[in-house]
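Participant: Handing over upload_16.txt, compact mmCIF, C-alpha atoms.
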# COMPACT_ATOMS: atom_id res chain seq x y z
CA MET A 1 -145.12 24.22 131.60
CA LYS A 2 -148.13 23.59 129.37
CA ARG A 3 -150.87 25.10 131.54
CA LEU A 4 -150.96 27.51 134.44
CA GLY A 5 -153.83 27.30 136.91
CA VAL A 6 -154.83 30.75 138.09
CA PHE A 7 -157.00 31.64 141.05
CA CYS A 8 -158.30 35.21 141.10
CA GLY A 9 -161.26 37.43 141.83
CA SER A 10 -164.61 37.41 140.09
CA ARG A 11 -164.67 41.15 140.80
CA ASP A 12 -162.28 43.84 139.59
CA GLY A 13 -161.20 45.01 143.03
CA GLY A 14 -160.49 48.57 144.02
CA ARG A 15 -157.32 49.31 142.06
CA GLU A 16 -156.55 49.63 138.37
CA SER A 17 -153.29 47.78 139.05
CA TYR A 18 -155.24 44.53 139.57
CA GLY A 19 -156.76 44.66 136.08
CA SER A 20 -153.41 45.67 134.59
CA LEU A 21 -151.81 42.67 136.28
CA ALA A 22 -154.45 40.30 134.86
CA ARG A 23 -154.06 41.73 131.34
CA GLU A 24 -150.27 41.53 131.52
CA LEU A 25 -150.36 37.95 132.78
CA GLY A 26 -152.79 36.92 130.04
CA LYS A 27 -150.59 38.40 127.33
CA SER A 28 -147.47 36.82 128.86
CA LEU A 29 -149.10 33.38 128.97
CA ALA A 30 -150.21 33.57 125.35
CA CYS A 31 -146.82 34.86 124.19
CA ARG A 32 -145.08 31.95 125.94
CA SER A 33 -147.63 29.40 124.63
CA VAL A 34 -148.72 28.56 128.16
CA GLY A 35 -152.41 27.72 128.43
CA LEU A 36 -154.65 29.14 131.15
CA VAL A 37 -156.80 27.03 133.47
CA TYR A 38 -159.15 29.17 135.55
CA GLY A 39 -162.61 29.30 137.09
CA GLY A 40 -164.60 29.96 133.92
CA GLY A 41 -166.06 33.36 134.83
CA ARG A 42 -166.51 36.33 132.52
CA ALA A 43 -166.48 39.07 135.16
CA GLY A 44 -163.80 40.65 137.31
CA LEU A 45 -160.15 39.68 137.13
CA MET A 46 -161.19 36.24 135.91
CA GLY A 47 -162.79 37.69 132.78
CA THR A 48 -160.00 40.22 132.24
CA LEU A 49 -157.37 37.47 132.42
CA ALA A 50 -159.24 35.07 130.12
CA ASN A 51 -159.98 37.80 127.58
CA SER A 52 -156.33 38.87 127.54
CA VAL A 53 -155.18 35.31 126.82
CA LEU A 54 -157.80 34.93 124.08
CA GLU A 55 -157.03 38.35 122.52
CA ASN A 56 -153.42 37.20 122.20
CA ASN A 57 -154.38 33.88 120.55
CA GLY A 58 -153.81 31.78 123.67
CA ASP A 59 -155.60 28.71 124.99
CA VAL A 60 -158.11 29.00 127.85
CA LEU A 61 -159.76 26.18 129.78
CA GLY A 62 -162.51 27.32 132.12
CA VAL A 63 -163.80 25.06 134.89
CA ILE A 64 -167.09 26.12 136.44
CA PRO A 65 -169.58 24.43 138.77
CA LYS A 66 -173.07 23.88 137.41
CA PHE A 67 -174.71 26.23 139.93
CA LEU A 68 -172.68 29.15 138.50
CA CYS A 69 -173.65 28.50 134.87
CA ARG A 70 -175.69 31.68 134.55
CA PRO A 71 -175.32 34.13 131.63
CA GLU A 72 -173.97 36.90 133.88
CA VAL A 73 -171.28 34.58 135.28
CA VAL A 74 -170.03 32.04 132.74
CA HIS A 75 -167.62 33.00 129.94
CA LYS A 76 -168.98 31.55 126.69
CA GLY A 77 -166.02 32.46 124.44
CA LEU A 78 -163.36 30.15 125.85
CA THR A 79 -161.28 27.59 124.00
CA SER A 80 -162.82 24.96 126.27
CA LEU A 81 -165.32 25.04 129.15
CA LYS A 82 -165.87 22.18 131.58
CA VAL A 83 -169.00 22.21 133.74
CA VAL A 84 -168.56 20.25 136.96
CA LYS A 85 -170.80 19.25 139.86
CA ASP A 86 -169.49 21.53 142.60
CA MET A 87 -166.61 23.68 143.87
CA HIS A 88 -164.64 20.69 145.13
CA GLU A 89 -164.73 19.06 141.70
CA ARG A 90 -163.78 22.42 140.14
CA LYS A 91 -160.65 22.73 142.27
CA ARG A 92 -159.72 19.10 141.61
CA LEU A 93 -160.08 19.42 137.82
CA MET A 94 -158.16 22.71 137.83
CA TYR A 95 -155.41 21.00 139.85
CA ASP A 96 -155.32 18.00 137.50
CA SER A 97 -155.21 20.25 134.41
CA ALA A 98 -152.42 22.60 135.52
CA ASP A 99 -148.65 22.20 135.84
CA ALA A 100 -148.25 25.17 138.23
CA PHE A 101 -150.42 27.75 139.99
CA ALA A 102 -150.63 31.51 140.31
CA VAL A 103 -152.79 33.40 142.78
CA LEU A 104 -153.86 36.95 141.94
CA PRO A 105 -155.88 39.27 144.14
CA GLY A 106 -159.38 38.06 144.98
CA GLY A 107 -161.88 37.48 147.75
CA LEU A 108 -162.95 34.51 149.84
CA GLY A 109 -163.07 32.08 146.91
CA THR A 110 -159.54 32.98 145.88
CA LEU A 111 -158.35 32.73 149.47
CA ASP A 112 -159.97 29.29 149.78
CA GLU A 113 -158.27 28.10 146.60
CA ALA A 114 -154.88 29.51 147.65
CA VAL A 115 -155.03 27.90 151.07
CA GLU A 116 -156.11 24.56 149.64
CA ILE A 117 -153.43 24.36 146.95
CA ILE A 118 -150.72 25.41 149.44
CA ASN A 119 -152.03 22.93 152.00
CA TRP A 120 -152.03 20.12 149.43
CA ALA A 121 -148.36 20.90 148.81
CA HIS A 122 -147.75 21.00 152.58
CA LEU A 123 -149.33 17.54 152.87
CA SER A 124 -147.10 16.30 150.00
CA LEU A 125 -150.12 15.68 147.77
CA HIS A 126 -148.36 17.54 144.97
CA GLN A 127 -145.08 19.25 144.13
CA LYS A 128 -146.36 21.72 141.57
CA PRO A 129 -144.99 25.27 141.88
CA ILE A 130 -147.24 27.93 143.42
CA CYS A 131 -146.71 31.68 143.19
CA LEU A 132 -148.63 34.54 144.76
CA LEU A 133 -148.73 37.65 142.57
CA ASP A 134 -148.41 40.32 145.23
CA VAL A 135 -149.32 43.48 143.35
CA ASP A 136 -149.43 46.52 145.66
CA GLY A 137 -148.80 44.25 148.68
CA TYR A 138 -152.17 42.51 148.32
CA TRP A 139 -150.94 39.18 149.70
CA SER A 140 -148.53 40.59 152.29
CA LEU A 141 -150.91 40.08 155.25
CA PHE A 142 -151.64 36.53 154.08
CA CYS A 143 -147.92 35.77 153.90
CA GLU A 144 -147.47 37.31 157.34
CA PHE A 145 -150.27 35.09 158.67
CA LEU A 146 -148.58 32.00 157.26
CA SER A 147 -145.31 33.10 158.91
CA THR A 148 -147.18 33.62 162.18
CA THR A 149 -148.47 30.04 162.10
CA GLY A 150 -144.85 28.92 162.05
CA ARG A 151 -143.63 31.33 164.73
CA GLU A 152 -146.48 30.23 166.99
CA GLY A 153 -145.69 26.54 166.47
CA PHE A 154 -148.73 25.59 164.39
CA SER A 155 -146.91 24.83 161.13
CA ASP A 156 -143.60 24.48 159.39
CA LEU A 157 -144.76 26.21 156.20
CA GLY A 158 -141.89 28.68 156.22
CA ASP A 159 -139.31 25.90 156.22
CA LYS A 160 -140.73 24.08 153.21
CA GLY A 161 -140.69 26.73 150.48
CA LEU A 162 -144.17 25.69 149.34
CA TYR A 163 -144.85 28.89 147.44
CA SER A 164 -143.06 31.89 146.04
CA VAL A 165 -144.09 35.53 145.84
CA ALA A 166 -143.66 37.76 142.79
CA GLU A 167 -144.64 41.34 142.03
CA ASP A 168 -145.18 40.99 138.29
CA PRO A 169 -146.08 38.28 135.76
CA GLY A 170 -142.62 38.15 134.16
CA GLN A 171 -140.94 37.52 137.50
CA MET A 172 -143.62 34.96 138.39
CA LEU A 173 -143.28 33.03 135.13
CA ASP A 174 -139.51 32.98 135.54
CA LEU A 175 -139.95 31.52 139.03
CA LEU A 176 -142.47 28.92 137.88
CA LEU A 177 -140.53 27.88 134.78
Please rewrite the model in this file as structure tokens.

Facilitator:
Amino acid sequence: MKRLGVFCGSRDGGRESYGSLARELGKSLACRSVGLVYGGGRAGLMGTLANSVLENNGDVLGVIPKFLCRPEVVHKGLTSLKVVKDMHERKRLMYDSADAFAVLPGGLGTLDEAVEIINWAHLSLHQKPICLLDVDGYWSLFCEFLSTTGREGFSDLGDKGLYSVAEDPGQMLDLLL
């Protein structure tokens, strides 16, 4: 794996464990010479993750839509920054640039990205590995919802093994590699 696409929050969230997870993942990526592809932000888990990769001499590609290119949002210290037209182009370029995907805690944007990348796999538009980093059970309700869609006859997601769940970056990287 050359690059890992990561979807995560532009805020820090309510637990120190989220920031610790982002720092640990960043260090692990850099130590394994795996580049990061992410949303290009400097705040929240996004900024923590990018800074951790950079502090450990790793490679970071940020992809950000033009409307978010404001000083308080965009990370100016990345290895590479691509400015795109909109959120759809952002997700597409992140997808094209990554060999696998990780989803950390985040809000609606992260949820949107997670659902889309899992759905693309469900529709056989890609076969790239996807892993949810479920620190402190953050994604447990989401995983339960996906199971419910199967139990209620609306999907066969559970039968396809479209994503994995890990509790720490080491376990996740082992699953993805």

Participant: May I ask for the distance between CA of His75 (chain A) and CA of Phe101 (chain A), given in Å to one decimal place?

Facilitator: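 These atoms are spaced 20.6 Å apart.
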
Participant: Kindly provide the residues of region 108-176 of chain A that approach region 86-100 of chain A to within 7 Å, each paired with its closest atom pair and their distance in Å to one decimal, based on all atoms listed in the file, listed by chain and increasing number, as a tab-separated table.

Facilitator:
residue	atom	partner	partner_atom	distance
A:Lys128	CA	A:Ala100	CA	5.2
A:Pro129	CA	A:Ala100	CA	4.9
A:Ile130	CA	A:Ala100	CA	6.0
A:Leu176	CA	A:Ala100	CA	6.9

Participant: Write out as a PDB file with C-alpha atoms, in the coordinates of the input which residues come within 12 Å of Phe67 (chain A) when counting all atoms listed in the file, dropping same-chain ones fewer than 3 positions away.

Facilitator:
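Written file, result.pdb:
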ATOM      1  CA  ILE A  64    -167.090  26.120 136.440  1.00  0.00           C
ATOM      2  CA  ARG A  70    -175.690  31.680 134.550  1.00  0.00           C
ATOM      3  CA  PRO A  71    -175.320  34.130 131.630  1.00  0.00           C
ATOM      4  CA  VAL A  73    -171.280  34.580 135.280  1.00  0.00           C
ATOM      5  CA  VAL A  74    -170.030  32.040 132.740  1.00  0.00           C
ATOM      6  CA  VAL A  83    -169.000  22.210 133.740  1.00  0.00           C
ATOM      7  CA  VAL A  84    -168.560  20.250 136.960  1.00  0.00           C
ATOM      8  CA  LYS A  85    -170.800  19.250 139.860  1.00  0.00           C
ATOM      9  CA  ASP A  86    -169.490  21.530 142.600  1.00  0.00           C
ATOM     10  CA  MET A  87    -166.610  23.680 143.870  1.00  0.00           C
ATOM     11  CA  ARG A  90    -163.780  22.420 140.140  1.00  0.00           C
TER      12      ARG A  90
END

Participant: Measuring atom to atom with all atoms listed in the file, identify which of A:Gly58, A:Gly40, A:Gly150, A:Gly77 is nearest to Arg3 (chain A).

Facilitator: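 For Arg3 (chain A), the nearest of the given residues is A:Gly58.
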
Participant: Please return the centre and edge lengths, in Å to one decimal, of a box with edges along x, y and z that contains all listed atoms of region 63-77 of chain A, widened by 6 Å on every side, as JSON.

Facilitator:
{"center_x": -169.7, "center_y": 30.4, "center_z": 132.2, "size_x": 23.9, "size_y": 25.0, "size_z": 27.5}

Participant: At what distance in Å, to one decimal, does CA of Gly14 (chain A) lie from CA of Gly170 (chain A)?

Facilitator: 22.9 Å

Participant: Rounded to one decimal in Å, what is the spacing between CA of Val34 (chain A) and CA of Val53 (chain A)?

Facilitator: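 For CA of Val34 (chain A) relative to CA of Val53 (chain A), the distance reads 9.4 Å.
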
Participant: Using only C-alpha atoms, find the one residue out of A:Glu144, A:Arg151, A:Ser20, A:Val37 that sits nearest to Thr79 (chain A).

Facilitator: A:Val37
